[in-house]
file coords.tsv (TSV, C-alpha atoms)
chain	number	residue	atom	x	y	z
A	1	MET	CA	5.92	23.73	-19.71
A	2	SER	CA	5.96	27.46	-20.14
A	3	ARG	CA	5.01	28.36	-16.57
A	4	GLY	CA	5.36	26.01	-13.64
A	5	VAL	CA	3.76	26.77	-10.30
A	6	LEU	CA	3.84	24.45	-7.31
A	7	SER	CA	0.12	24.44	-6.58
A	8	ALA	CA	-0.21	21.64	-4.04
A	9	VAL	CA	1.64	19.10	-1.92
A	10	ALA	CA	0.08	15.81	-0.81
A	11	LEU	CA	0.11	15.09	2.91
A	12	VAL	CA	-0.74	11.52	3.91
A	13	VAL	CA	-3.09	11.51	6.91
A	14	PRO	CA	-4.96	8.77	8.81
A	15	ASP	CA	-8.38	10.15	7.87
A	16	TYR	CA	-9.86	13.22	6.24
A	17	ASP	CA	-12.03	14.76	8.94
A	18	PRO	CA	-9.46	14.95	11.79
A	19	ALA	CA	-6.97	16.47	9.35
A	20	ILE	CA	-9.54	19.01	8.16
A	21	ARG	CA	-10.36	19.93	11.76
A	22	PHE	CA	-6.69	20.46	12.60
A	23	PHE	CA	-5.79	22.55	9.57
A	24	VAL	CA	-9.01	24.58	9.45
A	25	ASP	CA	-9.95	24.95	13.14
A	26	ILE	CA	-6.47	25.11	14.71
A	27	MET	CA	-4.22	26.42	11.93
A	28	GLY	CA	-6.69	28.75	10.22
A	29	PHE	CA	-6.35	27.23	6.75
A	30	SER	CA	-9.32	27.43	4.39
A	31	LEU	CA	-11.05	24.28	3.26
A	32	THR	CA	-10.62	24.79	-0.48
A	33	GLU	CA	-12.13	21.57	-1.80
A	34	ASP	CA	-13.85	18.51	-0.37
A	35	ILE	CA	-15.13	16.44	-3.27
A	36	ALA	CA	-16.26	12.80	-3.12
A	37	VAL	CA	-14.36	10.67	-5.64
A	38	GLY	CA	-15.75	7.18	-5.23
A	39	ALA	CA	-14.51	5.77	-1.89
A	40	LYS	CA	-11.99	8.60	-1.60
A	41	ARG	CA	-12.24	12.37	-1.31
A	42	TRP	CA	-10.28	15.15	-2.98
A	43	VAL	CA	-9.60	17.40	0.01
A	44	THR	CA	-7.44	20.50	-0.19
A	45	VAL	CA	-6.70	23.18	2.39
A	46	THR	CA	-5.00	26.51	1.75
A	47	PRO	CA	-2.85	28.44	4.25
A	48	PRO	CA	-4.28	31.78	5.43
A	49	GLY	CA	-1.75	33.78	3.42
A	50	GLY	CA	-2.13	31.69	0.26
A	51	GLY	CA	0.55	29.62	-1.41
A	52	ALA	CA	0.57	25.94	-2.23
A	53	ARG	CA	-2.42	23.96	-1.01
A	54	LEU	CA	-2.15	20.76	0.98
A	55	VAL	CA	-3.93	17.76	-0.51
A	56	LEU	CA	-5.06	15.75	2.51
A	57	ALA	CA	-4.63	12.20	1.26
A	58	ARG	CA	-6.14	9.45	3.42
A	59	ALA	CA	-3.70	6.56	3.78
A	60	GLU	CA	-4.69	3.42	1.91
A	61	GLY	CA	-2.84	0.22	2.80
A	62	ALA	CA	0.05	-0.59	5.11
A	63	ALA	CA	2.77	1.27	3.19
A	64	GLN	CA	0.83	4.52	3.15
A	65	ARG	CA	-0.17	4.16	6.81
A	66	ALA	CA	3.54	3.69	7.64
A	67	ALA	CA	4.30	6.97	5.83
A	68	ILE	CA	2.03	9.03	8.09
A	69	GLY	CA	4.30	11.46	9.90
A	70	ALA	CA	7.37	10.14	8.08
A	71	GLN	CA	7.07	11.74	4.67
A	72	GLY	CA	10.07	13.95	5.42
A	73	ALA	CA	12.18	11.00	6.66
A	74	GLY	CA	12.54	12.66	10.06
A	75	ARG	CA	13.38	16.06	8.63
A	76	VAL	CA	11.32	19.22	8.50
A	77	PHE	CA	9.70	19.16	5.09
A	78	LEU	CA	6.88	21.68	5.41
A	79	PHE	CA	7.46	25.39	5.98
A	80	LEU	CA	4.87	27.89	7.17
A	81	THR	CA	5.74	31.59	7.00
A	82	THR	CA	4.34	34.14	9.44
A	83	ASP	CA	4.64	37.87	9.95
A	84	ASP	CA	4.56	37.43	13.76
A	85	LEU	CA	6.17	34.25	15.04
A	86	ALA	CA	5.59	34.99	18.74
A	87	ARG	CA	1.85	35.59	18.21
A	88	ASP	CA	1.34	32.48	16.11
A	89	ARG	CA	3.42	30.23	18.32
A	90	LYS	CA	1.47	31.36	21.39
A	91	ARG	CA	-1.86	30.73	19.61
A	92	MET	CA	-0.72	27.34	18.34
A	93	GLU	CA	0.60	26.23	21.74
A	94	ALA	CA	-2.70	27.26	23.36
A	95	ALA	CA	-4.43	24.95	20.86
A	96	GLY	CA	-2.17	22.03	21.81
A	97	VAL	CA	0.39	22.17	19.01
A	98	VAL	CA	3.73	20.71	20.15
A	99	PHE	CA	6.89	22.71	19.52
A	100	GLU	CA	10.21	20.88	19.60
A	101	GLU	CA	12.46	23.83	20.38
A	102	PRO	CA	12.61	27.45	21.42
A	103	VAL	CA	12.66	30.11	18.75
A	104	ARG	CA	16.09	30.52	17.18
A	105	THR	CA	17.54	33.13	14.86
A	106	GLU	CA	18.99	32.10	11.52
A	107	PRO	CA	20.29	34.25	8.66
A	108	TYR	CA	16.93	33.83	6.89
A	109	GLY	CA	14.80	34.75	9.92
A	110	ARG	CA	13.39	33.55	13.23
A	111	VAL	CA	12.30	29.93	13.20
A	112	CYS	CA	11.10	27.06	15.38
A	113	VAL	CA	10.12	23.46	14.66
A	114	TRP	CA	6.68	22.07	15.48
A	115	ARG	CA	4.80	18.85	14.77
A	116	ASP	CA	1.31	18.43	13.45
A	117	PRO	CA	-0.91	15.80	15.14
A	118	PHE	CA	0.19	13.23	12.55
A	119	GLY	CA	3.90	13.55	13.38
A	120	ASN	CA	5.07	15.71	10.47
A	121	ARG	CA	7.78	18.23	11.29
A	122	TRP	CA	7.24	21.83	10.18
A	123	ASP	CA	9.19	25.07	10.44
A	124	LEU	CA	7.32	28.18	11.51
A	125	ILE	CA	9.38	31.00	10.01
A	126	GLN	CA	9.28	34.75	10.37
A	127	PRO	CA	11.55	35.89	7.54
A	128	ALA	CA	14.33	38.37	8.15
A	129	VAL	CA	13.45	41.78	6.81
call {"tool": "encode", "arguments": {"input": "coords.tsv", "output": "structure tokens"}}
result
Amino acid sequence: MSRGVLSAVALVVPDYDPAIRFFVDIMGFSLTEDIAVGAKRWVTVTPPGGGARLVLARAEGAAQRAAIGAQGAGRVFLFLTTDDLARDRKRMEAAGVVFEEPVRTEPYGRVCVWRDPFGNRWDLIQPAV
């Protein structure tokens, strides 16, 4: 491999359409692809500022359904960067997004943890300048 780029991360969700609605309508991601592949769909969404896409993967079977919201084993495993944490947190809270903590300051920036509707923990980070 001469050039490796992390282009996408799979996120196991209960179903495609509610996940699309959340990421597109609430979070402002772009629906990049929604392609029928037999009984499944290849669905990707891209954050407003670009970066790795999320592949919204509908859970198939008990093991995958059990992984919904637990892919990070209870830890934050998805990180969304913003240029204005206060603005985005206010907008997200108004849309019903649940934040677990107040904003805190770390050496790398201002950050707070939130959960998507499927139980995944995310950091919203405004990097230090």
call {"tool": "residues_around", "arguments": {"input": "coords.tsv", "residues": "segment 120-124 of chain A", "least_positions_apart": "2", "cutoff": "6 Å", "atoms": "only C-alpha atoms", "output": "PyMOL selection string"}}
result
chain A and resi 69+76+78-81+111-116+118
call {"tool": "residues_around", "arguments": {"input": "coords.tsv", "residues": "Tyr16 of chain A", "least_positions_apart": "3", "cutoff": "8 Å", "atoms": "all atoms listed in the file", "output": "PyMOL selection string"}}
result
chain A and resi 13+19-20+41+43+56-58
call {"tool": "residues_around", "arguments": {"input": "coords.tsv", "residues": "Gln71 of chain A", "least_positions_apart": "3", "cutoff": "10 Å", "atoms": "only C-alpha atoms", "output": "ChimeraX atom specification"}}
result
/A:10-12,64,66-68,74-78,119-121
call {"tool": "atom_distance", "arguments": {"input": "coords.tsv", "atom1": "atom CA of Leu31 of chain A", "atom2": "atom CA of Ala59 of chain A"}}
result
19.2 Å
call {"tool": "atom_distance", "arguments": {"input": "coords.tsv", "atom1": "atom CA of Gln126 of chain A", "atom2": "atom CA of Val5 of chain A"}}
result
22.8 Å
call {"tool": "residues_around", "arguments": {"input": "coords.tsv", "residues": "Pro48 of chain A", "least_positions_apart": "6", "cutoff": "9 Å", "atoms": "only C-alpha atoms", "output": "PyMOL selection string"}}
result
chain A and resi 27-30
call {"tool": "residues_around", "arguments": {"input": "coords.tsv", "residues": "Met92 of chain A", "least_positions_apart": "2", "cutoff": "12 Å", "atoms": "only C-alpha atoms", "output": "list in words"}}
result
Phe22, Phe23, Asp25, Ile26, Met27, Gly28, Leu85, Ala86, Arg87, Asp88, Arg89, Lys90, Ala94, Ala95, Gly96, Val97, Val98, Phe99, Trp114, Arg115, Asp116, Pro117 and Leu124 of chain A
call {"tool": "write_last_selection", "arguments": {"input": "coords.tsv", "atoms": "C-alpha atoms", "output": "PDB file, in the coordinates of the input"}}
result
ATOM      1  CA  PHE A  22      -6.690  20.460  12.600  1.00  0.00           C
ATOM      2  CA  PHE A  23      -5.790  22.550   9.570  1.00  0.00           C
ATOM      3  CA  ASP A  25      -9.950  24.950  13.140  1.00  0.00           C
ATOM      4  CA  ILE A  26      -6.470  25.110  14.710  1.00  0.00           C
ATOM      5  CA  MET A  27      -4.220  26.420  11.930  1.00  0.00           C
ATOM      6  CA  GLY A  28      -6.690  28.750  10.220  1.00  0.00           C
ATOM      7  CA  LEU A  85       6.170  34.250  15.040  1.00  0.00           C
ATOM      8  CA  ALA A  86       5.590  34.990  18.740  1.00  0.00           C
ATOM      9  CA  ARG A  87       1.850  35.590  18.210  1.00  0.00           C
ATOM     10  CA  ASP A  88       1.340  32.480  16.110  1.00  0.00           C
ATOM     11  CA  ARG A  89       3.420  30.230  18.320  1.00  0.00           C
ATOM     12  CA  LYS A  90       1.470  31.360  21.390  1.00  0.00           C
ATOM     13  CA  ALA A  94      -2.700  27.260  23.360  1.00  0.00           C
ATOM     14  CA  ALA A  95      -4.430  24.950  20.860  1.00  0.00           C
ATOM     15  CA  GLY A  96      -2.170  22.030  21.810  1.00  0.00           C
ATOM     16  CA  VAL A  97       0.390  22.170  19.010  1.00  0.00           C
ATOM     17  CA  VAL A  98       3.730  20.710  20.150  1.00  0.00           C
ATOM     18  CA  PHE A  99       6.890  22.710  19.520  1.00  0.00           C
ATOM     19  CA  TRP A 114       6.680  22.070  15.480  1.00  0.00           C
ATOM     20  CA  ARG A 115       4.800  18.850  14.770  1.00  0.00           C
ATOM     21  CA  ASP A 116       1.310  18.430  13.450  1.00  0.00           C
ATOM     22  CA  PRO A 117      -0.910  15.800  15.140  1.00  0.00           C
ATOM     23  CA  LEU A 124       7.320  28.180  11.510  1.00  0.00           C
TER      24      LEU A 124
END
call {"tool": "atom_distance", "arguments": {"input": "coords.tsv", "atom1": "atom CA of Glu33 of chain A", "atom2": "atom CA of Thr46 of chain A"}}
result
9.4 Å
call {"tool": "closest_residue", "arguments": {"input": "coords.tsv", "among": "A:Val24, A:Val129, A:Ile35, A:Ala70", "to": "Tyr108 of chain A", "atoms": "only C-alpha atoms"}}
result
A:Val129
call {"tool": "closest_residue", "arguments": {"input": "coords.tsv", "among": "A:Gly51, A:Pro102, A:Pro107, A:Pro14", "to": "Arg65 of chain A", "atoms": "all atoms listed in the file"}}
result
A:Pro14
call {"tool": "closest_residue", "arguments": {"input": "coords.tsv", "among": "A:Glu100, A:Pro18, A:Gly109, A:Ser7", "to": "Ala52 of chain A", "atoms": "all atoms listed in the file"}}
result
A:Ser7
call {"tool": "closest_residue", "arguments": {"input": "coords.tsv", "among": "A:Asp84, A:Glu93, A:Asp15, A:Glu101", "to": "Ala128 of chain A", "atoms": "only C-alpha atoms"}}
result
A:Asp84
call {"tool": "closest_residue", "arguments": {"input": "coords.tsv", "among": "A:Val45, A:Val37, A:Arg110, A:Arg91", "to": "Arg21 of chain A", "atoms": "all atoms listed in the file"}}
result
A:Val45
